[in-house]
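Below: final.cif (mmCIF, C-alpha atoms)
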```cif
data_final
#
loop_
_atom_site.label_atom_id
_atom_site.label_comp_id
_atom_site.auth_asym_id
_atom_site.auth_seq_id
_atom_site.Cartn_x
_atom_site.Cartn_y
_atom_site.Cartn_z
CA MET A 1 -9.75 19.55 -4.18
CA SER A 2 -5.98 19.19 -3.96
CA VAL A 3 -3.87 16.16 -3.15
CA THR A 4 -3.06 17.55 0.28
CA GLU A 5 -6.74 17.45 1.23
CA LEU A 6 -6.84 13.69 0.76
CA THR A 7 -6.33 11.45 3.79
CA PRO A 8 -3.13 9.38 4.02
CA MET A 9 -3.61 5.61 4.19
CA GLN A 10 -1.41 2.56 3.74
CA LYS A 11 -1.86 0.36 0.71
CA LEU A 12 -0.96 -3.29 1.18
CA GLU A 13 -0.32 -5.45 -1.86
CA VAL A 14 0.06 -9.19 -1.37
CA VAL A 15 1.05 -11.78 -3.99
CA VAL A 16 0.29 -15.39 -3.03
CA GLY A 17 -0.58 -18.65 -4.70
CA GLY A 18 -4.27 -19.04 -5.44
CA GLU A 19 -4.61 -21.73 -2.78
CA ASP A 20 -3.51 -19.29 -0.09
CA VAL A 21 -6.00 -16.55 -0.91
CA PRO A 22 -8.51 -17.76 1.71
CA VAL A 23 -5.84 -17.60 4.42
CA VAL A 24 -4.89 -14.06 3.44
CA ARG A 25 -8.53 -13.05 3.46
CA ASP A 26 -8.92 -14.52 6.94
CA LEU A 27 -5.93 -12.45 8.05
CA PHE A 28 -7.56 -9.38 6.53
CA ALA A 29 -10.81 -10.11 8.38
CA GLN A 30 -9.01 -10.68 11.69
CA ALA A 31 -7.29 -7.31 11.26
CA GLY A 32 -10.67 -5.64 10.69
CA VAL A 33 -10.26 -5.17 6.96
CA THR A 34 -13.66 -5.21 5.27
CA GLY A 35 -12.69 -4.20 1.76
CA TRP A 36 -10.16 -5.55 -0.67
CA THR A 37 -9.55 -5.99 -4.37
CA SER A 38 -8.25 -9.20 -5.91
CA VAL A 39 -6.54 -9.38 -9.29
CA GLU A 40 -6.55 -12.77 -10.92
CA ASN A 41 -4.58 -13.95 -13.97
CA VAL A 42 -1.36 -13.07 -12.25
CA SER A 43 1.87 -14.94 -12.69
CA GLY A 44 5.32 -14.36 -11.38
CA LEU A 45 8.74 -15.68 -10.72
CA GLY A 46 10.69 -15.40 -7.55
CA HIS A 47 13.69 -16.92 -5.91
CA ASP A 48 13.71 -16.70 -2.17
CA GLY A 49 17.28 -15.68 -1.57
CA PHE A 50 16.87 -15.84 2.17
CA HIS A 51 16.13 -19.53 2.14
CA GLN A 52 19.11 -20.69 0.10
CA GLY A 53 17.74 -19.95 -3.31
CA ARG A 54 14.63 -22.04 -2.96
CA LEU A 55 12.15 -21.26 -5.73
CA LEU A 56 9.42 -19.08 -4.28
CA PHE A 57 7.12 -19.02 -7.26
CA ASN A 58 7.48 -20.75 -10.59
CA GLU A 59 6.08 -19.11 -13.67
CA ARG A 60 3.23 -21.51 -14.16
CA ALA A 61 1.66 -21.11 -10.76
CA ALA A 62 -1.65 -19.25 -10.69
CA LEU A 63 -1.10 -16.36 -8.35
CA ALA A 64 -3.37 -13.65 -7.02
CA LEU A 65 -2.61 -10.04 -6.23
CA LEU A 66 -4.68 -8.83 -3.28
CA ILE A 67 -4.85 -5.12 -2.58
CA THR A 68 -6.26 -3.43 0.48
CA VAL A 69 -6.04 0.08 1.89
CA VAL A 70 -6.07 0.64 5.65
CA PRO A 71 -5.29 3.34 8.21
CA GLU A 72 -1.71 3.25 9.45
CA GLU A 73 -2.71 1.86 12.85
CA ARG A 74 -3.97 -1.31 11.20
CA ILE A 75 -0.95 -2.13 9.07
CA GLY A 76 1.20 -3.55 11.88
CA ALA A 77 -1.14 -6.43 12.64
CA LEU A 78 -1.56 -7.20 8.95
CA VAL A 79 2.17 -7.27 8.30
CA ALA A 80 2.80 -9.43 11.37
CA GLY A 81 0.15 -11.92 10.28
CA LEU A 82 1.49 -12.10 6.73
CA ARG A 83 5.07 -12.49 7.93
CA ALA A 84 4.00 -15.52 9.95
CA LEU A 85 2.18 -16.92 6.91
CA PHE A 86 5.21 -16.36 4.68
CA ASP A 87 7.38 -18.36 7.09
CA GLU A 88 5.37 -21.35 5.91
CA ARG A 89 4.03 -20.43 2.49
CA PRO A 90 5.42 -18.54 -0.53
CA GLY A 91 4.37 -14.94 -0.91
CA VAL A 92 5.48 -11.34 -1.00
CA MET A 93 3.94 -8.11 0.24
CA PHE A 94 4.56 -4.41 -0.32
CA VAL A 95 3.31 -1.53 1.82
CA SER A 96 2.97 1.90 0.14
CA GLU A 97 1.69 5.31 1.10
CA THR A 98 -1.51 6.30 -0.61
CA ARG A 99 -4.31 8.85 -0.12
CA VAL A 100 -8.07 8.52 -0.27
CA SER A 101 -10.93 10.97 -0.43
CA ARG A 102 -13.39 9.09 1.79
CA PRO A 103 -11.39 7.84 4.77
CA GLU A 104 -14.47 6.58 6.61
CA TYR A 105 -14.76 3.84 4.01
CA PHE A 106 -11.37 2.39 4.90
CA ARG A 107 -11.72 2.31 8.70
CA MET B 108 19.95 7.79 -13.83
CA SER B 109 18.83 7.97 -10.20
CA VAL B 110 15.34 8.03 -8.72
CA THR B 111 15.66 11.71 -7.89
CA GLU B 112 16.04 12.55 -11.59
CA LEU B 113 12.60 11.14 -12.32
CA THR B 114 9.62 13.51 -12.41
CA PRO B 115 6.99 13.27 -9.65
CA MET B 116 3.46 12.47 -10.79
CA GLN B 117 0.25 11.32 -9.15
CA LYS B 118 -1.01 7.81 -9.79
CA LEU B 119 -4.76 7.36 -9.58
CA GLU B 120 -6.19 3.88 -9.15
CA VAL B 121 -9.94 3.42 -9.47
CA VAL B 122 -11.95 0.24 -8.80
CA VAL B 123 -15.46 0.24 -10.23
CA GLY B 124 -18.00 -2.21 -11.56
CA GLY B 125 -17.51 -3.08 -15.19
CA GLU B 126 -20.66 -1.18 -16.19
CA ASP B 127 -19.19 2.06 -14.83
CA VAL B 128 -15.92 1.89 -16.74
CA PRO B 129 -17.24 4.09 -19.59
CA VAL B 130 -18.25 6.80 -17.11
CA VAL B 131 -14.81 6.77 -15.49
CA ARG B 132 -13.17 6.98 -18.89
CA ASP B 133 -15.36 9.96 -19.75
CA LEU B 134 -14.21 11.61 -16.52
CA PHE B 135 -10.61 10.88 -17.49
CA ALA B 136 -11.15 12.43 -20.92
CA GLN B 137 -12.83 15.53 -19.46
CA ALA B 138 -9.84 15.98 -17.17
CA GLY B 139 -7.48 15.80 -20.13
CA VAL B 140 -6.20 12.30 -19.42
CA THR B 141 -5.20 10.60 -22.65
CA GLY B 142 -3.56 7.47 -21.33
CA TRP B 143 -4.72 4.83 -18.89
CA THR B 144 -4.35 1.15 -18.14
CA SER B 145 -7.26 -1.13 -17.34
CA VAL B 146 -6.94 -4.40 -15.48
CA GLU B 147 -9.78 -6.84 -15.98
CA ASN B 148 -10.51 -10.05 -14.06
CA VAL B 149 -10.70 -8.12 -10.85
CA SER B 150 -12.99 -8.97 -7.98
CA GLY B 151 -13.39 -7.49 -4.56
CA LEU B 152 -15.46 -7.12 -1.50
CA GLY B 153 -16.32 -3.96 0.28
CA HIS B 154 -18.72 -2.68 2.85
CA ASP B 155 -19.43 1.01 2.71
CA GLY B 156 -19.25 1.87 6.38
CA PHE B 157 -20.23 5.44 5.79
CA HIS B 158 -23.60 4.51 4.39
CA GLN B 159 -24.76 2.25 7.18
CA GLY B 160 -22.98 -0.90 6.13
CA ARG B 161 -24.45 -1.08 2.69
CA LEU B 162 -22.57 -3.60 0.56
CA LEU B 163 -20.34 -1.74 -1.84
CA PHE B 164 -19.13 -4.65 -3.91
CA ASN B 165 -20.03 -8.30 -3.59
CA GLU B 166 -17.47 -10.87 -4.51
CA ARG B 167 -19.12 -11.99 -7.70
CA ALA B 168 -19.25 -8.64 -9.39
CA ALA B 169 -16.91 -8.17 -12.33
CA LEU B 170 -14.82 -5.17 -11.42
CA ALA B 171 -12.15 -3.23 -13.26
CA LEU B 172 -9.05 -1.54 -11.93
CA LEU B 173 -8.24 1.58 -13.94
CA ILE B 174 -4.84 3.20 -13.50
CA THR B 175 -3.72 6.57 -14.78
CA VAL B 176 -0.77 8.82 -14.04
CA VAL B 177 -1.14 12.60 -14.20
CA PRO B 178 0.65 15.76 -13.11
CA GLU B 179 -0.41 17.00 -9.67
CA GLU B 180 -2.39 19.91 -11.14
CA ARG B 181 -4.76 17.49 -12.83
CA ILE B 182 -5.59 15.29 -9.88
CA GLY B 183 -8.02 17.67 -8.18
CA ALA B 184 -10.52 17.66 -11.03
CA LEU B 185 -10.26 13.90 -11.36
CA VAL B 186 -10.87 13.30 -7.67
CA ALA B 187 -13.79 15.73 -7.62
CA GLY B 188 -15.41 14.02 -10.60
CA LEU B 189 -14.95 10.56 -9.10
CA ARG B 190 -16.29 11.68 -5.71
CA ALA B 191 -19.46 12.84 -7.43
CA LEU B 192 -19.71 9.53 -9.27
CA PHE B 193 -19.20 7.57 -6.04
CA ASP B 194 -22.09 9.43 -4.43
CA GLU B 195 -24.27 7.50 -6.86
CA ARG B 196 -22.32 4.40 -7.79
CA PRO B 197 -20.04 1.97 -5.89
CA GLY B 198 -16.33 2.49 -6.29
CA VAL B 199 -13.09 3.31 -4.55
CA MET B 200 -10.04 5.30 -5.56
CA PHE B 201 -6.50 5.72 -4.27
CA VAL B 202 -4.05 8.49 -5.11
CA SER B 203 -0.33 7.74 -4.73
CA GLU B 204 2.92 9.49 -5.46
CA THR B 205 4.91 8.02 -8.31
CA ARG B 206 7.72 9.10 -10.64
CA VAL B 207 8.18 8.81 -14.38
CA SER B 208 11.09 9.21 -16.73
CA ARG B 209 9.23 10.85 -19.63
CA PRO B 210 6.93 13.46 -18.08
CA GLU B 211 5.88 14.86 -21.46
CA TYR B 212 3.97 11.65 -22.06
CA PHE B 213 1.70 12.23 -19.05
CA ARG B 214 0.79 15.88 -19.65
CA MET C 215 5.52 -4.02 13.84
CA SER C 216 5.00 -0.47 12.57
CA VAL C 217 5.34 0.92 9.07
CA THR C 218 8.57 2.67 10.00
CA GLU C 219 10.21 -0.68 10.75
CA LEU C 220 9.71 -1.81 7.17
CA THR C 221 12.54 -1.36 4.67
CA PRO C 222 12.13 1.21 1.86
CA MET C 223 12.31 -0.16 -1.66
CA GLN C 224 11.42 1.07 -5.14
CA LYS C 225 8.48 -0.46 -6.96
CA LEU C 226 8.72 -0.44 -10.73
CA GLU C 227 5.57 -0.92 -12.79
CA VAL C 228 5.91 -1.42 -16.53
CA VAL C 229 3.10 -1.60 -19.12
CA VAL C 230 4.12 -3.05 -22.48
CA GLY C 231 2.61 -5.00 -25.31
CA GLY C 232 2.57 -8.73 -24.75
CA GLU C 233 5.19 -9.25 -27.44
CA ASP C 234 7.68 -7.11 -25.51
CA VAL C 235 7.37 -8.94 -22.20
CA PRO C 236 10.41 -11.16 -22.92
CA VAL C 237 12.57 -8.09 -23.60
CA VAL C 238 11.49 -6.49 -20.33
CA ARG C 239 12.22 -9.67 -18.47
CA ASP C 240 15.67 -9.81 -20.02
CA LEU C 241 16.24 -6.25 -18.82
CA PHE C 242 15.10 -7.29 -15.34
CA ALA C 243 17.51 -10.23 -15.37
CA GLN C 244 20.42 -8.07 -16.57
CA ALA C 245 19.74 -5.69 -13.69
CA GLY C 246 19.83 -8.56 -11.21
CA VAL C 247 16.09 -8.71 -10.62
CA THR C 248 15.09 -12.27 -9.73
CA GLY C 249 11.47 -11.74 -8.78
CA TRP C 250 8.57 -10.09 -10.55
CA THR C 251 4.81 -10.28 -10.89
CA SER C 252 3.01 -10.14 -14.21
CA VAL C 253 -0.64 -9.15 -14.59
CA GLU C 254 -2.30 -10.30 -17.78
CA ASN C 255 -5.70 -9.27 -19.19
CA VAL C 256 -4.58 -5.67 -19.24
CA SER C 257 -5.66 -3.15 -21.82
CA GLY C 258 -5.00 0.52 -22.19
CA LEU C 259 -5.00 3.54 -24.33
CA GLY C 260 -2.23 6.01 -24.75
CA HIS C 261 -1.22 8.79 -27.05
CA ASP C 262 2.44 9.55 -27.11
CA GLY C 263 2.35 13.33 -27.00
CA PHE C 264 6.08 13.59 -27.29
CA HIS C 265 6.16 12.01 -30.71
CA GLN C 266 3.54 14.12 -32.43
CA GLY C 267 0.46 12.38 -31.12
CA ARG C 268 1.36 8.96 -32.41
CA LEU C 269 -0.85 6.30 -30.86
CA LEU C 270 1.13 4.50 -28.19
CA PHE C 271 -1.37 1.77 -27.38
CA ASN C 272 -4.72 1.11 -28.92
CA GLU C 273 -7.45 -0.37 -26.79
CA ARG C 274 -7.44 -3.76 -28.42
CA ALA C 275 -3.81 -4.55 -27.86
CA ALA C 276 -3.09 -7.23 -25.27
CA LEU C 277 -0.85 -5.57 -22.74
CA ALA C 278 0.94 -6.80 -19.65
CA LEU C 279 1.64 -5.03 -16.38
CA LEU C 280 4.94 -6.17 -14.91
CA ILE C 281 5.72 -5.28 -11.30
CA THR C 282 9.03 -5.64 -9.53
CA VAL C 283 10.44 -4.30 -6.27
CA VAL C 284 14.13 -3.51 -5.96
CA PRO C 285 16.53 -1.62 -3.71
CA GLU C 286 17.09 1.98 -4.75
CA GLU C 287 20.59 1.28 -6.06
CA ARG C 288 19.14 -1.02 -8.72
CA ILE C 289 16.48 1.27 -10.12
CA GLY C 290 18.78 3.47 -12.20
CA ALA C 291 19.94 0.65 -14.45
CA LEU C 292 16.40 -0.60 -14.87
CA VAL C 293 15.05 2.82 -15.81
CA ALA C 294 17.90 3.42 -18.25
CA GLY C 295 17.29 0.08 -19.95
CA LEU C 296 13.56 0.65 -20.21
CA ARG C 297 14.04 4.18 -21.55
CA ALA C 298 16.17 2.76 -24.34
CA LEU C 299 13.51 0.14 -25.07
CA PHE C 300 10.77 2.78 -25.13
CA ASP C 301 12.69 4.75 -27.74
CA GLU C 302 11.84 1.87 -30.06
CA ARG C 303 8.76 0.24 -28.64
CA PRO C 304 5.56 1.48 -26.94
CA GLY C 305 5.46 1.32 -23.18
CA VAL C 306 5.21 3.27 -19.96
CA MET C 307 6.77 2.84 -16.54
CA PHE C 308 6.17 4.26 -13.09
CA VAL C 309 8.56 4.19 -10.12
CA SER C 310 7.05 4.43 -6.63
CA GLU C 311 8.28 4.24 -3.07
CA THR C 312 7.21 1.14 -1.20
CA ARG C 313 8.28 -0.79 1.90
CA VAL C 314 8.83 -4.47 2.53
CA SER C 315 9.25 -6.61 5.61
CA ARG C 316 11.87 -9.03 4.28
CA PRO C 317 14.39 -6.90 2.38
CA GLU C 318 16.77 -9.80 1.81
CA TYR C 319 14.24 -11.26 -0.61
CA PHE C 320 14.46 -8.24 -2.92
CA ARG C 321 18.26 -7.89 -3.14
#
```
Would you mind writing the structure in this file as structure tokens?
Amino acid sequence: MSVTELTPMQKLEVVVGGEDVPVVRDLFAQAGVTGWTSVENVSGLGHDGFHQGRLLFNERAALALLITVVPEERIGALVAGLRALFDERPGVMFVSETRVSRPEYFR
Amino acid sequence: MSVTELTPMQKLEVVVGGEDVPVVRDLFAQAGVTGWTSVENVSGLGHDGFHQGRLLFNERAALALLITVVPEERIGALVAGLRALFDERPGVMFVSETRVSRPEYFR
Amino acid sequence: MSVTELTPMQKLEVVVGGEDVPVVRDLFAQAGVTGWTSVENVSGLGHDGFHQGRLLFNERAALALLITVVPEERIGALVAGLRALFDERPGVMFVSETRVSRPEYFR
């Protein structure tokens, strides 16, 4: 099997404070996401330059890194939902190309 | 140094139950992989849609996220080995493009 | 919102021993990086093939995975700094394409 036989998907990584994990998971569920991975013991530092240098995360906050992989047609709704959340709450997200061998699992 | 001077590689991310980590590491070794990173304190939820909605992971299982980076010619054997494992055991994998500055380390 | 409306960025992932995290963070700061995520409880194994099979990491070392996302014009300085560090200290780094929805946060 070569890389080109794998099926392209979008990987979404979200870093939020631990208290906002349930909201992110609700967003995932509303977007039809049934699988995700959560990494605990995550810390970070961020200054939100857009909002006048307000501290986004301080280093002592307990953060979570949530990872999910979805077909491209699902990513728009997820990103829109997270953008709305991040207007109110601290968080960052990254969207990357990835490939999987069993696409039916991610639909 | 610019991004284009870096050497393309494939990044493989595998999420499995903690009890299956040794099997995945054996697969890595058989495929000639000598370096990997393991993230503990990982949880997740997944429903395996392909197999009639069987629960793939429940949220309380202790999972591990294993990451390795290999040249493209190695990824096929890794993916084939993991596919065979995932016919029997729960797990997901993602394959993504990445770049490294010291390719000799990953060969 | 579709994936193509997101802004391309470079994601840098660095795995180092816990004792070298401050040095990496200094490199980030010197390169103008103000936000990063750190994953603890990371282990790994690596043999540094380039330097005659010297063990890069052993499995019992406490490692950290540091993740940051920067515009492409910043990645060169980061990679150069980390390469110099890795001439002296064990570590690996990967550079991957990613996309973000609020690019002003990562500049």
Problem set entry | Selection near segment 300-314 of chain C, 8 Å with only C-alpha atoms, sequence-local residues under 4 positions removed, as an MDAnalysis selection string | (chainID A and resid 93:97) or (chainID B and resid 110 204:208) or (chainID C and resid 217 220:231 270:271 296)
Problem set entry | Computed interatomic separation between atom CA of Ala31 of chain A and atom CA of Ser145 of chain B (Å) |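 Atom CA of Ser145 of chain B lies at a distance of 29.3 Å from atom CA of Ala31 of chain A.
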Report chain B as a compact mmCIF listing (two decimals) with C-alpha atoms, keeping the file's coordinate frame in the frame of chain C, after least-squares superposition over all C-alpha atoms paired in order.
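Just written: superposed_26.txt:
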```txt
# COMPACT_ATOMS: atom_id res chain seq x y z
CA MET B 108 5.50 -3.98 13.87
CA SER B 109 4.99 -0.44 12.57
CA VAL B 110 5.35 0.94 9.06
CA THR B 111 8.58 2.68 9.97
CA GLU B 112 10.22 -0.68 10.73
CA LEU B 113 9.70 -1.81 7.15
CA THR B 114 12.54 -1.35 4.66
CA PRO B 115 12.13 1.21 1.85
CA MET B 116 12.32 -0.16 -1.68
CA GLN B 117 11.43 1.08 -5.15
CA LYS B 118 8.49 -0.45 -6.97
CA LEU B 119 8.71 -0.43 -10.74
CA GLU B 120 5.57 -0.92 -12.79
CA VAL B 121 5.92 -1.42 -16.54
CA VAL B 122 3.11 -1.61 -19.12
CA VAL B 123 4.12 -3.06 -22.47
CA GLY B 124 2.60 -5.01 -25.32
CA GLY B 125 2.57 -8.73 -24.76
CA GLU B 126 5.21 -9.28 -27.44
CA ASP B 127 7.68 -7.11 -25.51
CA VAL B 128 7.37 -8.94 -22.21
CA PRO B 129 10.41 -11.17 -22.93
CA VAL B 130 12.57 -8.11 -23.60
CA VAL B 131 11.50 -6.48 -20.33
CA ARG B 132 12.22 -9.69 -18.46
CA ASP B 133 15.68 -9.81 -20.02
CA LEU B 134 16.24 -6.25 -18.81
CA PHE B 135 15.10 -7.30 -15.34
CA ALA B 136 17.52 -10.24 -15.38
CA GLN B 137 20.43 -8.08 -16.57
CA ALA B 138 19.73 -5.69 -13.70
CA GLY B 139 19.84 -8.56 -11.22
CA VAL B 140 16.09 -8.73 -10.64
CA THR B 141 15.08 -12.27 -9.75
CA GLY B 142 11.47 -11.75 -8.78
CA TRP B 143 8.58 -10.08 -10.55
CA THR B 144 4.83 -10.27 -10.89
CA SER B 145 3.01 -10.13 -14.20
CA VAL B 146 -0.61 -9.15 -14.59
CA GLU B 147 -2.28 -10.30 -17.78
CA ASN B 148 -5.66 -9.27 -19.20
CA VAL B 149 -4.58 -5.68 -19.25
CA SER B 150 -5.65 -3.16 -21.84
CA GLY B 151 -5.01 0.52 -22.19
CA LEU B 152 -5.01 3.53 -24.35
CA GLY B 153 -2.28 6.04 -24.75
CA HIS B 154 -1.24 8.80 -27.05
CA ASP B 155 2.44 9.58 -27.08
CA GLY B 156 2.32 13.36 -26.99
CA PHE B 157 6.05 13.67 -27.28
CA HIS B 158 6.14 12.02 -30.66
CA GLN B 159 3.53 14.12 -32.38
CA GLY B 160 0.45 12.35 -31.13
CA ARG B 161 1.40 8.95 -32.38
CA LEU B 162 -0.83 6.28 -30.84
CA LEU B 163 1.11 4.47 -28.17
CA PHE B 164 -1.38 1.76 -27.36
CA ASN B 165 -4.76 1.13 -28.92
CA GLU B 166 -7.46 -0.36 -26.80
CA ARG B 167 -7.44 -3.76 -28.41
CA ALA B 168 -3.81 -4.55 -27.83
CA ALA B 169 -3.09 -7.24 -25.26
CA LEU B 170 -0.85 -5.56 -22.73
CA ALA B 171 0.94 -6.80 -19.65
CA LEU B 172 1.63 -5.03 -16.39
CA LEU B 173 4.94 -6.17 -14.91
CA ILE B 174 5.73 -5.28 -11.31
CA THR B 175 9.04 -5.64 -9.52
CA VAL B 176 10.44 -4.30 -6.27
CA VAL B 177 14.14 -3.51 -5.95
CA PRO B 178 16.55 -1.63 -3.70
CA GLU B 179 17.08 2.00 -4.75
CA GLU B 180 20.58 1.27 -6.08
CA ARG B 181 19.14 -1.02 -8.73
CA ILE B 182 16.49 1.27 -10.13
CA GLY B 183 18.79 3.47 -12.20
CA ALA B 184 19.95 0.66 -14.47
CA LEU B 185 16.41 -0.60 -14.86
CA VAL B 186 15.05 2.80 -15.81
CA ALA B 187 17.90 3.41 -18.25
CA GLY B 188 17.31 0.07 -19.95
CA LEU B 189 13.56 0.65 -20.21
CA ARG B 190 14.05 4.19 -21.55
CA ALA B 191 16.18 2.76 -24.34
CA LEU B 192 13.52 0.14 -25.06
CA PHE B 193 10.77 2.78 -25.11
CA ASP B 194 12.69 4.75 -27.73
CA GLU B 195 11.87 1.88 -30.05
CA ARG B 196 8.78 0.23 -28.63
CA PRO B 197 5.57 1.50 -26.95
CA GLY B 198 5.46 1.31 -23.18
CA VAL B 199 5.20 3.26 -19.97
CA MET B 200 6.77 2.84 -16.56
CA PHE B 201 6.18 4.26 -13.09
CA VAL B 202 8.56 4.19 -10.14
CA SER B 203 7.05 4.44 -6.64
CA GLU B 204 8.28 4.23 -3.09
CA THR B 205 7.21 1.14 -1.21
CA ARG B 206 8.27 -0.79 1.89
CA VAL B 207 8.83 -4.47 2.53
CA SER B 208 9.23 -6.59 5.61
CA ARG B 209 11.85 -9.02 4.27
CA PRO B 210 14.39 -6.90 2.38
CA GLU B 211 16.75 -9.84 1.81
CA TYR B 212 14.20 -11.26 -0.59
CA PHE B 213 14.44 -8.24 -2.92
CA ARG B 214 18.23 -7.92 -3.12
```
Exercise. At what distance in Å, to one decimal, does atom CA of Leu279 of chain C lie from atom CA of Ile75 of chain A?
Worked result: 25.7 Å
Exercise. Of the candidates C:Pro317, C:Leu277, C:Gly249, C:Ser257, which one gets nearest to Gly232 of chain C if we count all atoms listed in the file?
Worked result: C:Leu277
Padding 5 Å on every side, please: axis-aligned box over the listed atoms of segment 118-125 of chain B, centre and edge lengths to one decimal in Å, as AutoDock Vina command-line options.
```
--center_x -9.5 --center_y 2.4 --center_z -12.0 --size_x 27.0 --size_y 20.9 --size_z 16.4
```
For this session: May I ask which of the residues B:Val176, B:Thr111, B:Glu126, B:Ala169 is the closest one to Gly139 of chain B, counting all atoms listed in the file?
Result: B:Val176
Problem set entry | Best match for closeness to chain B among A:Asn41, A:Ala77, A:Pro22, A:Ala29, counting only C-alpha atoms | A:Asn41
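The two atoms in question, atom CA of Val42 of chain A and atom CA of Val238 of chain C, are spaced 16.5 Å apart.
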Exercise. With only C-alpha atoms as the basis for distance, which of A:Val33, A:Leu78, A:Val21, A:Leu27 is at the shortest distance from chain C?
Worked result: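 Nearest to chain C: A:Leu78.
Distance check against chain B using only C-alpha atoms: of A:Val23, A:Ala84, A:Ala61, A:Val39, the minimum falls on A:Val39.
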Exercise. Which is closest to chain B among C:Leu259, C:Leu299, C:Tyr319, C:Ile281, if we use only C-alpha atoms?
Worked result: C:Leu259
For this session: Show which residues sit within 10 Å of Thr141 of chain B, as a PyMOL selection string. Count all atoms listed in the file, and ignore same-chain residues fewer than 4 positions away.
Result: (chain B and resi 132+135-137+175-177+212-214) or (chain C and resi 259-263)
